[in-house]
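I have placed the structure first, in the form of structure tokens, so that the comments after it can refer back to it.
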Amino acid sequence: MIGTARNEQSFEALAALGALWSRDAPFAATAAEAMSLLAAGFEWVVAGLWVVDAASERLRFVAAGSARGEHAAYAAASRRWSFAPGEGFPGQVWSRRATLDGPRLPAASDASRFAAARGGGGALVGRPVYASGAVVGVVECFAAGPTLGDERSERALAGALGQIGQFIARNQSERRLRASETRGATLLASMSRTEDDLRESHRFIASIAEVSPVALYVFDRESRHTIFANRGVTSILGYTLADLQRMGESLVSSLVHPDDQDRCAAMPARLAATAGDAVESIELRVRRADGAWRWVMSHAAVLRRDATGAPCQVVCAALDITDRKQAELDLQAIRQRYALATSAARVGVWDIDLVRGSVSIDPPASLMLGFDGEGYRRHEDWVDRIHPADRAMALSHEQAIFDPDTPRGADGNTPGPEIEYRVIDRDGKTHWIADRATVVRDGDGLAVRIVGTITDISERKRGEDALRRLTGQLLSAQDDERRRIARELHDGTAQDLAAIGVDLLRLDRLAPDLPDEARSILRATQDHAQRALTDLRVLAFLLHPPLLDLVGLTAAIRWYAEGFAARSGIAVEIDGVAEIGRLPSDVETALYRVVQESLANVQRHSGGDCAAIRLERGVDGVMLDVRDCGRGLPTDASSGRNEARPGVGIASMRQRLQRLGGRLELHSCAAGVTVVARVPAAVLAAEERER
């Protein structure tokens with residue numbers, strides 16, 4: 001039926017095919033060579049082989065061949081196609097189970113393949129390939145003309161197609177055998193899959209924990225023993241896991257300073273009262289293996305709860321804050337020196353007689369303000385010495401204590417608050433001054449004099465700056481570590497868990513005849529893997545959300561608020577979160593942590609069921625506020641002031657913003673609490689220049 005092929009060439013091709021099947025070569029390469037032999041033997045321009053894919057029941061292109069290497073364009077065009085029965089030219093040959101002659105220019109969906117094969121013209125013929133009575137493939141051939149072959153050529157071609165059918169059937173049988181062997185091995189391995197997954201999960205978590213500089217350990221309350229400790233425990237405290245296990249239930253009494261043991265012992269009760277993955281933090285002193293005491297910031301969270309919700313296992317992370325505590329002690333020492341200086345009459349005193357217009361200032365105060373003892377005679381002299389950036393503030397406080405509505409003391413005088421400002425001495429050096437003034441009034445309530453004291457607090461300010469820088473470094477290190485751990489969790493462990501889930505799904509599909517018990521184990525393992533992946537992704541996001549780095553603060557806040565609402569059941573309004581563009585990385589991180597801590601406080605303390613977030617950017621800078629509809633902070637009935645002191649979270653937010661030059665405000669009323677964070681435009685501009 002095909003072209004003008006000579007009988008001798010046809011049977012030579014048939015003989016060559018017989019020798020081809022016995023070779024050990026890849027299926028596609030052997031098929032390509034077979035197509036070339038057919039094209040040469042039957043004088044075809046191009047021959048192509050399509051094979052039925054038993055899994056998807058579609059014809060897929062395998063190989064093409066030609067006598068003169070003219071099949072590359074046809075092969076490239078055909079690889080992009082696959083056909084169901086009745087689709088395209090090969091699909092029609094398959095569905096009809098008969099040889100089909102294609103028209104010279106067919107209007108089929110796959111017509112582009114024909115043009116690539118013909119090179120401008122020729123006849124198209126499709127033949128089904130059988131094995132055991134079933135169609136296993138289709139051979140397409142493009143001849144120089146539409147003429148039919150003689151009977152002998154047809155017999156030779158039928159024999160060749162039969163050999164190709166047996167070759168395809170043998171290949172499919174081998175593939176099914178390999179798949180069966182794989183399923184058998186997988187079925188045997190699934191019996192221990194749960195235990196292997198648990199060991200693998202433990203190994204992943206242990207690997208992550210081992211590289212952390214923070215001391216991490218897990219305490220099991222049922223066995224009353226420490227069941228895990230990373231290298232950070234040895235690095236910070238000098239103990240090994242075996243050392244902690246020997247301590248057993250006496251861990252607290254053996255390690256924690258006696259003055260801190262009561263607060264530490266109350267930690268389990270606080271954890272039991274928390275919900276979800278809430279973290280409890282405490283600062284305490286811990287004894288190292290060498291007997292030295294170290295200050296640590298310990299963060300604890302429930303790792304596992306029993307059926308009643310009581311904590312069974314608690315994970316703790318301890319960060320060495322001894323250096324920070326030492327900085328705080330250094331600051332305390334500075335303040336003590338200030339008190340000693342005051343008691344030794346080293347505080348400068350000044351006195352202005354408003355009636356006479358005279359000024360009296362003692363030598364220490366004169367030196368602090370940058371005078372030589374004789375130069376301070378006018379009010380303007382003092383104003384000129386104030387640093388330009390502090391001048392308006394100092395004058396505002398001065399005017400405030402003269403205000404008749406300002407509260408007065410029992411003696412009728414008006415004491416003013418202590419203010420701190422900078423002065424510039426004669427040499428151009430800047431000093432920090434603490435200034436406290438009292439307006440003295442006569443019997444008629446008229447101001448007659450102002451008396452005040454000043455103290456040089458430059459040394460204390462340097463200590464505060466050092467503490468602020470140290471705190472900033474600690475916060476930056478913490479953020480960097482959170483970002484690194486989150487990235488490793490997402491890019492490493494999460495990907496492995498996702499791969500496990502995909503493999504389990506494939507196993508489920510490839511093993512339809514599993515016993516019910518094995519099927520139940522498989523489905524349970526899939527559920528475990530999915531839950532572990534979900535928990536890991538939530539943990540990675542809470543540590544450091546990738547959205548913050550990728551698309552900025554606005555999207556990250558909206559995403560976190562939606563997730564928080566879903567987890568906590570507290571409705572969070574985010575309509576006020578405007579698109580403000582990208583901010584410097586430190587600013588975005590600080591404001592994002594304010595949102596996290598504020599919403600956590602809403603859940604823990606407010607008692608309300610709703611919150612709202614507003615984010616704006618204007619000419620003055622960026623403003624973020626988080627409001628709740630809870631009960632507000634407790635107040636003293638006599639003074640009307642809030643009794644509650646800011647906790648660690650509020651202090652951390654305030655330190656983050658102060659480090660950037662911003663500020664944090666806390667407003668409370670009966671309708672709830674509002675946390676306001678502000679970052680001035682000047683700070684944003686400076687951060688942008690540094691970036």
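Chain labels A, B, ... are given in the sequence in which chains occur in the structure tokens; within each chain residues are numbered consecutively from 1, and ligands are likewise numbered from 1 in the order shown.
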
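The list of residues with at least one atom within 7 Å of Asp456 of chain A, based on only C-alpha atoms and without residues fewer than 5 positions apart in the same chain, reads A:Met368, A:His431, A:Trp432, A:Ile433, A:Ala434.
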
Keeping only C-alpha atoms, write the selected residues as a PDB file, in the first residue's frame.
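In the end it all went to out.pdb:
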ATOM      1  CA  MET A 368      28.087  73.093  83.437  1.00  0.00           C
ATOM      2  CA  HIS A 431      27.035  68.447  77.428  1.00  0.00           C
ATOM      3  CA  TRP A 432      23.765  66.969  78.599  1.00  0.00           C
ATOM      4  CA  ILE A 433      22.118  68.843  81.462  1.00  0.00           C
ATOM      5  CA  ALA A 434      19.351  67.747  83.823  1.00  0.00           C
TER       6      ALA A 434
END

(request) Report as a PyMOL selection string: the residues of segment 528-670 of chain A with a DSSP assignment of strand (DSSP E), based on the backbone of this structure. (result) chain A and resi 571-577+610-618+621-628+663-669

Could the residues in this selection be saved with N, CA and C atoms as a short mmCIF file (atom, residue, chain, number, x, y, z; two decimals), in the first residue's frame?
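So the final result, stored in again-v5.cif, reads:
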data_model
loop_
_atom_site.label_atom_id
_atom_site.label_comp_id
_atom_site.auth_asym_id
_atom_site.auth_seq_id
_atom_site.Cartn_x
_atom_site.Cartn_y
_atom_site.Cartn_z
N ALA A 571 -11.67 39.23 65.26
CA ALA A 571 -11.83 39.93 63.98
C ALA A 571 -10.86 41.10 63.92
N VAL A 572 -10.11 41.20 62.84
CA VAL A 572 -9.13 42.26 62.67
C VAL A 572 -9.48 43.07 61.43
N GLU A 573 -9.77 44.36 61.63
CA GLU A 573 -10.10 45.24 60.51
C GLU A 573 -8.82 45.79 59.91
N ILE A 574 -8.62 45.59 58.61
CA ILE A 574 -7.39 46.02 57.94
C ILE A 574 -7.68 47.01 56.82
N ASP A 575 -8.91 47.56 56.77
CA ASP A 575 -9.23 48.51 55.72
C ASP A 575 -8.36 49.77 55.82
N GLY A 576 -7.89 50.07 57.01
CA GLY A 576 -7.06 51.26 57.19
C GLY A 576 -5.60 51.06 56.89
N VAL A 577 -5.22 49.85 56.44
CA VAL A 577 -3.83 49.58 56.09
C VAL A 577 -3.61 50.03 54.66
N CYS A 610 -12.31 42.01 68.85
CA CYS A 610 -12.04 42.68 67.60
C CYS A 610 -10.86 43.61 67.78
N ALA A 611 -10.23 43.94 66.66
CA ALA A 611 -9.11 44.87 66.64
C ALA A 611 -9.09 45.54 65.27
N ALA A 612 -8.35 46.64 65.18
CA ALA A 612 -8.24 47.36 63.91
C ALA A 612 -6.83 47.86 63.76
N ILE A 613 -6.34 47.83 62.52
CA ILE A 613 -4.98 48.28 62.22
C ILE A 613 -5.08 49.41 61.20
N ARG A 614 -4.32 50.47 61.46
CA ARG A 614 -4.27 51.58 60.51
C ARG A 614 -2.81 51.90 60.22
N LEU A 615 -2.47 52.03 58.95
CA LEU A 615 -1.11 52.33 58.51
C LEU A 615 -1.17 53.46 57.50
N GLU A 616 -0.45 54.56 57.77
CA GLU A 616 -0.48 55.72 56.90
C GLU A 616 0.93 56.26 56.72
N ARG A 617 1.12 56.92 55.58
CA ARG A 617 2.40 57.60 55.33
C ARG A 617 2.10 58.99 54.81
N GLY A 618 2.65 59.98 55.49
CA GLY A 618 2.43 61.35 55.10
C GLY A 618 3.73 62.12 55.07
N GLY A 621 5.97 61.51 58.07
CA GLY A 621 6.53 60.18 58.29
C GLY A 621 5.47 59.10 58.21
N VAL A 622 5.73 58.00 58.90
CA VAL A 622 4.83 56.84 58.90
C VAL A 622 4.19 56.71 60.28
N MET A 623 2.89 56.45 60.29
CA MET A 623 2.15 56.25 61.54
C MET A 623 1.42 54.92 61.47
N LEU A 624 1.59 54.11 62.50
CA LEU A 624 0.90 52.82 62.63
C LEU A 624 0.17 52.80 63.96
N ASP A 625 -1.13 52.45 63.96
CA ASP A 625 -1.80 52.25 65.24
C ASP A 625 -2.62 50.97 65.20
N VAL A 626 -2.62 50.30 66.36
CA VAL A 626 -3.36 49.06 66.54
C VAL A 626 -4.31 49.26 67.72
N ARG A 627 -5.62 49.16 67.45
CA ARG A 627 -6.64 49.40 68.48
C ARG A 627 -7.38 48.10 68.76
N ASP A 628 -7.81 47.94 70.02
CA ASP A 628 -8.66 46.80 70.35
C ASP A 628 -9.94 47.32 70.99
N ARG A 663 9.09 56.64 67.93
CA ARG A 663 8.56 56.59 69.29
C ARG A 663 7.30 55.74 69.33
N LEU A 664 7.01 55.23 70.51
CA LEU A 664 5.83 54.40 70.74
C LEU A 664 4.95 55.07 71.78
N GLU A 665 3.64 55.13 71.50
CA GLU A 665 2.68 55.73 72.43
C GLU A 665 1.64 54.67 72.80
N LEU A 666 1.22 54.71 74.06
CA LEU A 666 0.23 53.76 74.56
C LEU A 666 -0.93 54.54 75.16
N HIS A 667 -2.12 54.39 74.60
CA HIS A 667 -3.30 55.11 75.07
C HIS A 667 -4.35 54.09 75.50
N SER A 668 -4.94 54.32 76.68
CA SER A 668 -5.93 53.38 77.20
C SER A 668 -7.15 54.13 77.69
N CYS A 669 -8.32 53.53 77.44
CA CYS A 669 -9.58 54.05 77.97
C CYS A 669 -10.51 52.86 78.18
#

(request) Write out as a ChimeraX atom specification each polymer residue whose atoms come within 12 Å of Arg523 of chain A, counting only C-alpha atoms; drop sequence neighbours fewer than 5 positions from it. (result) /A:190,193-194,501,504-509,514,516-518,528-530

(request) Apply DSSP to the backbone of this structure and, from segment 376-527 of chain A, keep only the residues in helix (DSSP H, G or I); write these as an MDAnalysis selection string. (result) chainID A and resid 379:385 388:402 458:510 516:527

Could you take the residues named above and write them with C-alpha atoms, as a short mmCIF file (atom, residue, chain, number, x, y, z; two decimals), in the first residue's frame?
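Produced file selection_11.cif, reproduced below:
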data_model
loop_
_atom_site.label_atom_id
_atom_site.label_comp_id
_atom_site.auth_asym_id
_atom_site.auth_seq_id
_atom_site.Cartn_x
_atom_site.Cartn_y
_atom_site.Cartn_z
CA HIS A 379 18.14 85.22 80.56
CA GLU A 380 19.29 85.48 76.93
CA ASP A 381 22.75 84.21 77.91
CA TRP A 382 21.23 80.93 79.10
CA VAL A 383 19.05 80.62 75.96
CA ASP A 384 22.09 81.14 73.70
CA ARG A 385 23.91 78.21 75.38
CA PRO A 388 19.43 74.69 68.85
CA ALA A 389 17.62 71.35 68.59
CA ASP A 390 16.55 71.54 72.28
CA ARG A 391 15.87 75.25 72.59
CA ALA A 392 12.16 75.20 71.78
CA MET A 393 11.52 72.34 74.20
CA ALA A 394 13.37 74.04 77.06
CA LEU A 395 11.55 77.34 76.55
CA SER A 396 8.22 75.52 76.35
CA HIS A 397 8.82 73.91 79.75
CA GLU A 398 9.83 77.26 81.18
CA GLN A 399 6.56 78.83 80.01
CA ALA A 400 4.54 75.89 81.33
CA ILE A 401 5.61 76.36 84.96
CA PHE A 402 4.52 80.01 84.78
CA SER A 458 26.64 63.52 79.96
CA GLU A 459 28.16 60.36 81.40
CA ARG A 460 24.74 58.88 82.06
CA LYS A 461 23.64 59.72 78.53
CA ARG A 462 26.65 57.95 77.12
CA GLY A 463 25.71 54.90 79.13
CA GLU A 464 22.15 55.06 77.85
CA ASP A 465 23.38 55.39 74.29
CA ALA A 466 25.65 52.39 74.81
CA LEU A 467 22.73 50.40 76.21
CA ARG A 468 20.52 51.51 73.32
CA ARG A 469 23.14 50.45 70.79
CA LEU A 470 23.62 47.13 72.57
CA THR A 471 19.88 46.57 72.65
CA GLY A 472 19.70 47.43 68.97
CA GLN A 473 22.46 44.94 68.20
CA LEU A 474 20.64 42.25 70.17
CA LEU A 475 17.38 42.98 68.36
CA SER A 476 19.15 42.97 64.99
CA ALA A 477 20.86 39.69 65.82
CA GLN A 478 17.52 38.24 66.90
CA ASP A 479 15.83 39.36 63.66
CA ASP A 480 18.70 38.02 61.57
CA GLU A 481 18.52 34.69 63.37
CA ARG A 482 14.74 34.54 62.95
CA ARG A 483 15.12 35.32 59.26
CA ARG A 484 17.81 32.65 58.82
CA ILE A 485 15.91 29.94 60.71
CA ALA A 486 12.68 30.79 58.85
CA ARG A 487 14.52 30.57 55.52
CA GLU A 488 16.09 27.22 56.43
CA LEU A 489 12.74 25.87 57.61
CA HIS A 490 11.02 26.99 54.42
CA ASP A 491 13.74 26.06 51.91
CA GLY A 492 14.85 22.84 53.60
CA THR A 493 12.53 21.05 55.97
CA ALA A 494 9.29 22.33 54.39
CA GLN A 495 10.41 21.22 50.93
CA ASP A 496 11.30 17.77 52.22
CA LEU A 497 7.93 17.42 53.95
CA ALA A 498 6.18 18.54 50.75
CA ALA A 499 8.14 15.92 48.80
CA ILE A 500 7.11 13.27 51.33
CA GLY A 501 3.47 14.27 50.84
CA VAL A 502 3.79 14.02 47.04
CA ASP A 503 5.47 10.61 47.30
CA LEU A 504 2.76 9.35 49.62
CA LEU A 505 0.10 10.56 47.19
CA ARG A 506 1.82 8.77 44.33
CA LEU A 507 2.07 5.64 46.43
CA ASP A 508 -1.64 5.85 47.15
CA ARG A 509 -2.41 6.03 43.44
CA LEU A 510 0.07 3.37 42.36
CA ASP A 516 -7.35 -1.96 54.30
CA GLU A 517 -4.93 -1.81 57.22
CA ALA A 518 -2.05 -0.72 54.99
CA ARG A 519 -4.30 1.82 53.27
CA SER A 520 -5.30 3.25 56.65
CA ILE A 521 -1.66 3.57 57.68
CA LEU A 522 -0.84 5.27 54.39
CA ARG A 523 -3.68 7.81 54.73
CA ALA A 524 -2.73 8.53 58.36
CA THR A 525 0.87 9.11 57.31
CA GLN A 526 -0.34 11.54 54.64
CA ASP A 527 -2.30 13.46 57.28
#

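Distance-wise, atom CA of Pro128 of chain A and atom CA of Gly165 of chain A end up 9.2 Å apart.
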
(request) Would you mind listing what lies within 6 Å of Ala301 of chain A as a VMD selection string, with only C-alpha atoms counted and same-chain residues fewer than 6 positions away left out? (result) chain A and resid 279 314 to 315

(request) Compare A:Val214, A:Gly409, A:Leu536, A:Gly607 by their minimum atom-to-atom distance to Leu319 of chain A, counting only C-alpha atoms, and give me the closest one. (result)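 Between A:Val214, A:Gly409, A:Leu536, A:Gly607, the residue approaching Leu319 of chain A most closely is A:Val214.
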
(request) Rank A:Gln332, A:Ala272, A:Asn171, A:Val602 by their smallest atom-to-atom distance to Asp24 of chain A, using only C-alpha atoms, and report the top residue only. (result)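 Result for the nearest residue to Asp24 of chain A: A:Asn171.
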
(request) Point out the residue among A:Ile227, A:Phe61, A:Leu100, A:Ser95 with the least atom-to-atom distance to Ser82 of chain A, counting only C-alpha atoms. (result)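 The answer is A:Phe61, which sits nearest to Ser82 of chain A.
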